[in-house]
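So this one's run02.cif, mmCIF, C-alpha atoms and all ligand atoms:
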data_model
loop_
_atom_site.label_atom_id
_atom_site.label_comp_id
_atom_site.auth_asym_id
_atom_site.auth_seq_id
_atom_site.Cartn_x
_atom_site.Cartn_y
_atom_site.Cartn_z
CA MET X 8 -13.33 -106.67 -82.24
CA ALA X 9 -14.34 -104.06 -79.65
CA THR X 10 -16.67 -101.45 -81.12
CA THR X 11 -16.91 -99.11 -78.15
CA LEU X 12 -14.25 -96.44 -78.04
CA ILE X 13 -12.02 -95.95 -75.05
CA LEU X 14 -11.47 -92.19 -74.88
CA SER X 15 -8.53 -90.17 -73.63
CA SER X 16 -9.34 -87.28 -71.27
CA ASP X 17 -8.86 -84.81 -74.13
CA ASP X 18 -11.15 -86.83 -76.43
CA ALA X 19 -13.79 -87.09 -73.71
CA LEU X 20 -13.71 -83.34 -73.13
CA SER X 21 -14.00 -82.57 -76.82
CA ARG X 22 -16.91 -85.04 -77.10
CA LEU X 23 -18.63 -83.35 -74.18
CA ARG X 24 -18.34 -80.12 -76.18
CA GLN X 25 -19.74 -81.85 -79.29
CA SER X 26 -22.65 -83.19 -77.27
CA ILE X 27 -23.93 -79.68 -76.64
CA HIS X 28 -27.50 -79.55 -77.98
CA ALA X 29 -29.66 -76.71 -79.21
CA LYS X 30 -31.26 -76.16 -75.80
CA SER X 31 -27.96 -75.85 -73.91
CA GLY X 32 -28.06 -72.16 -74.75
CA ASN X 33 -30.75 -71.94 -72.05
CA PHE X 34 -28.21 -72.95 -69.36
CA TYR X 35 -26.40 -69.83 -68.32
CA ALA X 36 -24.15 -70.73 -65.37
CA MET X 37 -23.57 -73.61 -62.96
CA TYR X 38 -21.89 -73.85 -59.59
CA SER X 39 -20.61 -77.24 -58.50
CA SER X 40 -19.07 -77.94 -55.10
CA ILE X 41 -17.18 -80.75 -56.84
CA LEU X 42 -15.43 -78.17 -59.04
CA GLY X 43 -15.40 -75.63 -56.22
CA GLY X 44 -16.56 -72.88 -58.58
CA ILE X 45 -18.81 -71.66 -61.39
CA VAL X 46 -18.74 -72.65 -65.07
CA THR X 47 -20.59 -71.03 -67.96
CA ASP X 48 -19.66 -73.62 -70.63
CA PRO X 49 -22.69 -75.98 -70.78
CA ALA X 50 -20.35 -78.86 -71.69
CA LEU X 51 -18.98 -78.69 -68.16
CA MET X 52 -22.36 -78.59 -66.40
CA VAL X 53 -22.16 -82.26 -65.42
CA LEU X 54 -22.44 -84.39 -62.28
CA PRO X 55 -20.34 -87.36 -61.12
CA LEU X 56 -22.32 -90.59 -61.59
CA ASP X 57 -21.30 -91.75 -58.11
CA ASP X 58 -23.15 -88.82 -56.53
CA HIS X 59 -25.98 -90.38 -54.53
CA MET X 60 -28.29 -87.75 -56.04
CA VAL X 61 -27.88 -89.49 -59.39
CA HIS X 62 -28.19 -93.15 -58.51
CA ARG X 63 -30.22 -93.10 -55.25
CA GLY X 64 -32.18 -89.86 -55.36
CA HIS X 65 -30.76 -88.95 -51.95
CA SER X 66 -30.98 -85.21 -52.52
CA VAL X 67 -33.24 -82.21 -52.20
CA PHE X 68 -33.71 -79.10 -54.29
CA ASP X 69 -35.44 -75.77 -54.52
CA THR X 70 -35.80 -72.90 -56.96
CA ALA X 71 -36.00 -69.12 -56.98
CA THR X 72 -37.14 -66.81 -59.74
CA LEU X 73 -34.64 -64.33 -61.19
CA THR X 74 -36.58 -61.27 -62.21
CA HIS X 75 -35.39 -57.77 -63.11
CA GLY X 76 -31.93 -58.73 -61.79
CA MET X 77 -33.34 -59.72 -58.37
CA LEU X 78 -34.07 -63.06 -56.74
CA TYR X 79 -37.72 -63.16 -55.67
CA GLN X 80 -38.43 -64.83 -52.32
CA LEU X 81 -34.93 -66.33 -52.09
CA ASP X 82 -35.01 -66.61 -48.29
CA PRO X 83 -38.30 -68.50 -47.88
CA HIS X 84 -37.15 -70.88 -50.64
CA LEU X 85 -33.81 -71.33 -48.88
CA ASP X 86 -35.57 -72.00 -45.57
CA ARG X 87 -37.68 -74.72 -47.20
CA PHE X 88 -34.52 -76.13 -48.85
CA LEU X 89 -32.89 -76.48 -45.43
CA ARG X 90 -36.05 -78.05 -43.95
CA SER X 91 -36.06 -80.59 -46.82
CA ALA X 92 -32.35 -81.30 -46.21
CA GLU X 93 -32.99 -81.92 -42.53
CA LEU X 94 -35.89 -84.30 -43.21
CA ALA X 95 -33.77 -86.10 -45.84
CA ARG X 96 -30.89 -86.23 -43.31
CA ILE X 97 -28.41 -84.51 -45.60
CA PRO X 98 -25.82 -82.45 -43.70
CA LEU X 99 -25.01 -78.99 -45.07
CA PRO X 100 -21.60 -78.73 -46.76
CA PHE X 101 -21.52 -75.01 -45.91
CA PRO X 102 -23.45 -72.77 -43.54
CA ARG X 103 -26.71 -71.23 -44.85
CA GLU X 104 -25.07 -67.85 -45.48
CA ARG X 105 -22.43 -69.41 -47.75
CA LEU X 106 -25.08 -71.38 -49.70
CA ARG X 107 -27.01 -68.13 -50.17
CA GLN X 108 -23.90 -66.29 -51.33
CA ILE X 109 -23.05 -69.03 -53.86
CA ILE X 110 -26.61 -68.88 -55.26
CA LEU X 111 -26.39 -65.10 -55.67
CA GLU X 112 -22.91 -65.22 -57.18
CA THR X 113 -23.92 -67.92 -59.67
CA ALA X 114 -26.89 -65.77 -60.69
CA ALA X 115 -24.47 -62.85 -61.13
CA ALA X 116 -22.05 -64.96 -63.21
CA SER X 117 -24.91 -65.82 -65.58
CA GLY X 118 -25.06 -62.17 -66.66
CA HIS X 119 -28.82 -62.59 -67.06
CA VAL X 120 -31.52 -60.61 -65.30
CA GLU X 121 -34.43 -62.98 -66.04
CA GLY X 122 -34.47 -66.73 -65.49
CA SER X 123 -34.72 -69.46 -62.91
CA VAL X 124 -32.16 -70.47 -60.30
CA ARG X 125 -32.36 -74.04 -59.06
CA TYR X 126 -30.09 -75.60 -56.45
CA TRP X 127 -29.56 -79.12 -55.12
CA LEU X 128 -28.05 -80.53 -51.99
CA SER X 129 -27.01 -84.15 -52.22
CA ALA X 130 -25.62 -86.82 -49.91
CA GLY X 131 -22.65 -86.54 -52.30
CA PRO X 132 -20.28 -88.79 -54.24
CA GLY X 133 -18.35 -91.76 -52.85
CA GLY X 134 -19.63 -94.97 -54.43
CA TYR X 135 -22.64 -96.91 -55.63
CA GLY X 136 -24.01 -98.23 -52.35
CA LEU X 137 -27.27 -97.21 -50.75
CA GLY X 138 -26.36 -95.63 -47.45
CA PRO X 139 -24.61 -92.27 -47.34
CA GLY X 140 -21.86 -93.67 -45.05
CA GLU X 141 -19.59 -94.09 -48.08
CA CYS X 142 -20.12 -90.51 -49.30
CA ILE X 143 -17.12 -88.22 -48.99
CA GLY X 144 -19.37 -85.27 -48.09
CA SER X 145 -22.51 -83.49 -49.23
CA SER X 146 -22.44 -81.80 -52.61
CA PHE X 147 -24.15 -78.60 -53.69
CA TYR X 148 -25.06 -77.54 -57.22
CA VAL X 149 -26.68 -74.41 -58.61
CA ILE X 150 -27.92 -73.82 -62.15
CA VAL X 151 -29.19 -70.59 -63.68
CA PHE X 152 -31.35 -71.26 -66.70
CA LYS X 153 -34.06 -69.93 -68.94
CA GLN X 154 -37.36 -71.47 -68.01
CA GLU X 155 -39.53 -72.54 -70.94
CA ALA X 156 -42.56 -70.27 -70.76
CA TYR X 157 -46.03 -71.72 -70.31
CA PRO X 158 -48.39 -70.95 -73.21
CA GLU X 159 -49.97 -67.50 -72.94
CA SER X 160 -53.36 -69.23 -73.39
CA TYR X 161 -52.99 -70.70 -69.86
CA TYR X 162 -53.59 -67.19 -68.56
CA THR X 163 -55.95 -65.80 -71.19
CA GLU X 164 -58.14 -68.90 -71.68
CA GLY X 165 -57.31 -71.06 -68.68
CA LEU X 166 -56.17 -74.65 -68.18
CA LYS X 167 -57.91 -78.01 -68.27
CA VAL X 168 -57.06 -80.47 -65.51
CA VAL X 169 -57.99 -84.05 -64.68
CA THR X 170 -58.08 -85.99 -61.43
CA SER X 171 -54.97 -88.15 -61.55
CA HIS X 172 -54.85 -91.90 -60.97
CA VAL X 173 -51.19 -91.65 -59.95
CA PRO X 174 -50.88 -92.47 -56.23
CA ILE X 175 -50.04 -89.49 -54.09
CA LYS X 176 -46.77 -89.44 -52.10
CA PRO X 177 -47.15 -90.29 -48.40
CA PRO X 178 -47.08 -87.08 -46.28
CA LEU X 179 -43.39 -87.28 -45.25
CA PHE X 180 -42.25 -87.56 -48.87
CA ALA X 181 -44.74 -84.95 -50.10
CA ARG X 182 -43.33 -82.44 -47.61
CA ILE X 183 -39.70 -83.00 -48.68
CA LYS X 184 -38.74 -81.39 -51.97
CA SER X 185 -36.55 -84.33 -52.96
CA THR X 186 -35.38 -85.29 -56.44
CA ASN X 187 -37.95 -88.10 -56.52
CA TYR X 188 -40.44 -86.42 -58.86
CA LEU X 189 -41.48 -89.60 -60.68
CA PRO X 190 -45.14 -89.38 -59.48
CA ASN X 191 -45.19 -85.68 -60.43
CA VAL X 192 -43.91 -86.42 -63.94
CA LEU X 193 -46.43 -89.26 -64.35
CA VAL X 194 -49.26 -86.89 -63.40
CA VAL X 195 -48.33 -84.55 -66.25
CA LEU X 196 -47.93 -87.41 -68.75
CA GLU X 197 -51.29 -88.88 -67.73
CA ALA X 198 -52.92 -85.45 -68.13
CA LYS X 199 -51.47 -85.06 -71.65
CA ASP X 200 -52.72 -88.58 -72.54
CA ARG X 201 -56.18 -87.41 -71.46
CA SER X 202 -55.94 -84.15 -73.49
CA ALA X 203 -55.59 -82.02 -70.37
CA ASP X 204 -52.88 -79.61 -69.30
CA ASN X 205 -52.20 -81.00 -65.85
CA GLY X 206 -53.50 -83.34 -63.17
CA VAL X 207 -54.63 -83.09 -59.57
CA PHE X 208 -53.39 -85.51 -56.92
CA ILE X 209 -56.19 -86.77 -54.68
CA ASP X 210 -55.54 -88.41 -51.32
CA GLN X 211 -56.93 -91.77 -50.15
CA ARG X 212 -59.99 -90.01 -48.68
CA GLY X 213 -60.87 -88.30 -51.99
CA MET X 214 -59.62 -84.89 -50.89
CA VAL X 215 -57.78 -82.48 -53.20
CA ALA X 216 -54.03 -82.46 -52.52
CA GLU X 217 -51.88 -80.64 -55.09
CA SER X 218 -50.90 -80.65 -58.75
CA SER X 219 -47.67 -81.78 -60.47
CA ASN X 220 -45.46 -78.97 -59.18
CA MET X 221 -48.11 -76.51 -58.12
CA ASN X 222 -50.64 -75.99 -55.40
CA VAL X 223 -54.38 -75.96 -56.08
CA ALA X 224 -56.77 -73.35 -54.67
CA PHE X 225 -60.43 -72.48 -55.19
CA VAL X 226 -62.86 -69.63 -54.72
CA SER X 227 -66.27 -70.93 -53.66
CA LYS X 228 -69.54 -69.46 -54.90
CA GLU X 229 -69.79 -67.78 -51.47
CA ARG X 230 -66.43 -66.05 -52.26
CA VAL X 231 -64.44 -68.09 -49.75
CA PHE X 232 -60.79 -68.68 -50.73
CA ARG X 233 -60.17 -72.42 -50.23
CA HIS X 234 -56.94 -74.36 -49.92
CA PRO X 235 -56.16 -77.81 -48.50
CA PRO X 236 -54.13 -78.06 -45.26
CA PHE X 237 -50.35 -78.20 -45.70
CA ASP X 238 -49.56 -81.30 -43.63
CA ALA X 239 -49.53 -83.82 -46.52
CA ILE X 240 -48.44 -81.70 -49.50
CA LEU X 241 -45.53 -79.43 -50.36
CA SER X 242 -45.93 -76.09 -48.65
CA GLY X 243 -45.58 -73.85 -51.68
CA ILE X 244 -43.76 -70.58 -51.21
CA THR X 245 -46.01 -68.95 -53.82
CA ILE X 246 -49.28 -70.02 -52.17
CA GLN X 247 -48.02 -68.75 -48.80
CA ARG X 248 -47.54 -65.33 -50.41
CA VAL X 249 -50.83 -65.58 -52.34
CA LEU X 250 -52.61 -66.25 -49.03
CA GLN X 251 -51.33 -62.84 -47.87
CA PHE X 252 -52.75 -61.27 -51.05
CA ALA X 253 -56.04 -63.07 -50.39
CA GLU X 254 -56.10 -61.58 -46.88
CA ARG X 255 -55.86 -58.16 -48.51
CA LEU X 256 -58.82 -59.06 -50.73
CA VAL X 257 -60.78 -60.10 -47.64
CA LYS X 258 -60.08 -56.68 -46.09
CA GLU X 259 -61.15 -54.99 -49.33
CA GLY X 260 -64.38 -57.04 -49.32
CA GLU X 261 -63.65 -58.94 -52.57
CA LEU X 262 -63.38 -62.22 -50.66
CA LYS X 263 -65.49 -63.21 -47.68
CA GLU X 264 -62.86 -65.28 -45.89
CA ILE X 265 -60.00 -67.76 -46.26
CA ARG X 266 -60.51 -71.35 -45.22
CA ILE X 267 -57.64 -73.85 -45.07
CA ALA X 268 -59.37 -77.20 -44.70
CA ASP X 269 -59.99 -80.47 -46.57
CA ILE X 270 -61.61 -80.01 -49.98
CA PRO X 271 -63.58 -83.01 -51.31
CA VAL X 272 -63.40 -83.34 -55.11
CA SER X 273 -67.19 -82.84 -55.30
CA GLU X 274 -66.85 -79.47 -53.54
CA GLY X 275 -64.00 -78.44 -55.85
CA HIS X 276 -66.10 -79.26 -58.92
CA GLN X 277 -68.73 -76.78 -57.68
CA ALA X 278 -66.27 -73.90 -57.14
CA ALA X 279 -66.67 -70.53 -58.82
CA GLU X 280 -62.92 -70.43 -59.55
CA MET X 281 -60.04 -72.86 -59.45
CA MET X 282 -56.36 -71.98 -59.86
CA LEU X 283 -52.87 -73.49 -59.98
CA ILE X 284 -50.22 -71.68 -57.98
CA GLY X 285 -46.43 -72.13 -57.93
CA SER X 286 -43.08 -70.53 -58.68
CA SER X 287 -43.13 -71.66 -62.30
CA ILE X 288 -46.78 -71.08 -63.24
CA LYS X 289 -47.39 -68.14 -60.84
CA VAL X 290 -51.22 -67.99 -60.60
CA ALA X 291 -53.13 -69.57 -63.49
CA PRO X 292 -56.87 -70.15 -63.89
CA VAL X 293 -58.33 -73.64 -64.32
CA VAL X 294 -61.50 -73.54 -66.41
CA GLN X 295 -62.24 -77.24 -66.77
CA TRP X 296 -61.77 -80.18 -64.39
CA ASP X 297 -62.60 -83.74 -65.43
CA GLY X 298 -64.50 -82.39 -68.44
CA GLN X 299 -66.74 -80.18 -66.27
CA ALA X 300 -66.58 -76.39 -66.49
CA ILE X 301 -65.42 -74.57 -63.38
CA GLY X 302 -67.71 -71.61 -62.72
CA ASP X 303 -68.69 -70.08 -66.06
CA GLY X 304 -65.78 -71.84 -67.82
CA LYS X 305 -63.74 -68.64 -68.11
CA PRO X 306 -60.77 -67.34 -66.07
CA GLY X 307 -62.21 -65.88 -62.87
CA PRO X 308 -61.76 -62.34 -61.52
CA ILE X 309 -60.09 -63.33 -58.22
CA THR X 310 -57.55 -65.51 -60.04
CA LYS X 311 -56.74 -62.61 -62.39
CA LYS X 312 -56.44 -60.23 -59.47
CA LEU X 313 -54.09 -62.58 -57.59
CA LEU X 314 -51.89 -62.93 -60.68
CA GLU X 315 -51.73 -59.13 -60.99
CA MET X 316 -50.80 -58.90 -57.32
CA TRP X 317 -48.09 -61.52 -57.83
CA ASN X 318 -46.67 -59.62 -60.84
CA GLU X 319 -46.64 -56.40 -58.87
CA ASP X 320 -44.97 -58.12 -55.91
CA ALA X 321 -42.21 -59.66 -58.05
CA ARG X 322 -41.59 -56.24 -59.59
CA SER X 323 -41.55 -54.04 -56.56
CA ALA X 324 -41.90 -55.70 -53.12
CA ILE X 325 -38.47 -54.78 -51.79
CA ASP X 326 -38.80 -57.05 -48.75
CA GLN X 327 -39.28 -60.03 -51.14
CA LEU X 328 -36.43 -59.21 -53.53
CA VAL X 329 -32.69 -59.77 -53.12
CA ALA X 330 -30.36 -57.90 -55.49
CA VAL X 331 -27.99 -60.07 -57.52
CA PRO X 332 -24.39 -58.79 -57.16
CA TYR X 333 -23.58 -58.36 -60.88
CA PRO X 334 -20.07 -57.07 -61.59
CA ASP X 335 -20.01 -53.37 -62.59
C1 LIG X 401 -45.29 -80.88 -55.53
C2 LIG X 401 -45.29 -79.40 -55.50
N1 LIG X 401 -46.32 -78.73 -54.94
C3 LIG X 401 -46.35 -77.39 -54.90
C4 LIG X 401 -45.33 -76.61 -55.45
C5 LIG X 401 -45.40 -75.11 -55.42
O1 LIG X 401 -44.36 -74.60 -54.63
P1 LIG X 401 -43.67 -73.19 -54.93
O2 LIG X 401 -44.73 -72.16 -54.88
O3 LIG X 401 -42.69 -73.03 -53.83
O4 LIG X 401 -43.06 -73.28 -56.28
C6 LIG X 401 -44.24 -77.26 -56.05
C7 LIG X 401 -43.13 -76.50 -56.64
O5 LIG X 401 -42.12 -76.33 -56.06
C8 LIG X 401 -44.21 -78.68 -56.07
O6 LIG X 401 -43.19 -79.31 -56.63
#
Could I get this structure in the form of structure tokens?
Amino acid sequence: MATTLILSSDDALSRLRQSIHAKSGNFYAMYSSILGGIVTDPALMVLPLDDHMVHRGHSVFDTATLTHGMLYQLDPHLDRFLRSAELARIPLPFPRERLRQIILETAAASGHVEGSVRYWLSAGPGGYGLGPGECIGSSFYVIVFKQEAYPESYYTEGLKVVTSHVPIKPPLFARIKSTNYLPNVLVVLEAKDRSADNGVFIDQRGMVAESSNMNVAFVSKERVFRHPPFDAILSGITIQRVLQFAERLVKEGELKEIRIADIPVSEGHQAAEMMLIGSSIKVAPVVQWDGQAIGDGKPGPITKKLLEMWNEDARSAIDQLVAVPYPD
């Protein structure tokens, strides 16, 4: 006797509603090009299994922070999204302006003024083959959600990191923000196994690359702001902005200079400050790497200053903020 139910459409829909879990309350609104609109019922925030994003990972994504009812740095994120799509050879289903409008309108439909907005562009649905030739057209999805906050201690006490054994992505794949984040997830799991908060990818030459979903920067004892080159890692939108803040600190005499060049692990270990930088973590101090203290083992002054500058920017830099068109 068959034990697996065959469900009617009505039954399936009601089971989707029953499958809502405690954390679904964090999902505020979703746009799906498959539906051709926005839903706010988490039960309906689903993807077709035949979408090549699901079964082949042929898709790219990006994120923007929703803060005080504004999207911070939406345009640079959108530019990187389109660069990723081009490298992944995914055609746009709509022009850039329409994608941007959908992102803003989904944020508005959420009714929330704080959160994260993440969007995906996929080769689209059409079957279970490998090549996108069978796809009926690219799909686009947007979700507005509440990001789980990092522990406050990351900022007040600092993080511990380890050098990861997970192989780094080859440069082409590291530069595309695709949905293949398996190495990035493994870096975090490995770090937790080793009682650390996160890991650092190292390239084949023993140079610092990046962290799980963050960039890694240092301040040397000579007060030089150090970052690896961007040709074999993801070019973070946050670090690009932080580099502008660092330039300000150079002018004010707090930093001597900025140097974008290879950083051997041994040099990083000797730094006065180390920090993780990205849209989700903002700017957070690292106080221990591979069991060794960084600097005096406490969050450093430049890292704190850069975080303050980031907070100020996200609050008030009008050229970095796009207003969400909430209904009156
Ligand atoms: C691998 C990787 N490196 C760096 C970053 C930091 O980029 P951003 O500042 O744009 O969040 C991210 C996050 O998107 C990432 O996934």
Spatial neighbours of range 317-328 of chain X, 12 Å, only C-alpha atoms, chain gap at least 6 places, as a PyMOL selection string: chain X and resi 71-84+111+121+244-253+284-286+288-291+310-311
Computed interatomic separation between CA of Ala181 in chain X and CA of Gln154 in chain X (Å): 23.6 Å
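From CA of Asp69 in chain X back to CA of Phe34 in chain X, the distance works out to 16.7 Å.
The interatomic distance for the pair CA of Lys167 in chain X and CA of Val67 in chain X works out to 29.7 Å.
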Please provide the set of residues having any atom within 9 Å of Asp303 in chain X, restricted to all atoms listed in the file, with same-chain residues fewer than 5 positions apart removed, written as a list in words. Ala279, Glu280 and Val294 of chain X
For range 300-302 of chain X, work out the shell of residues within 12 Å, counting only C-alpha atoms and skipping chain neighbours fewer than 6 positions away, then give it as a ChimeraX atom specification. /X:165-169,225-228,230,273-282,292-294,308
Pick out the closest residue to ligand LIG 401 (chain X) from this set: X:Arg212, X:Lys263, X:Lys176, X:Arg63. Count all atoms listed in the file.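 Distance minimum relative to ligand LIG 401 (chain X) lands on X:Lys176.
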Tell me, as a list in words, which residues lie within 6 Å of His59 in chain X, counting only C-alpha atoms; anything in the same chain fewer than 2 positions away does not count. Val61, His62, Arg63, His65, Ala130, Gly131 and Pro132 of chain X
I need the residue nearest Arg87 in chain X from this list: X:Arg22, X:His172, X:Lys184, X:His119. Use all atoms listed in the file for the distance.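 Selected residue with least distance to Arg87 in chain X: X:Lys184.
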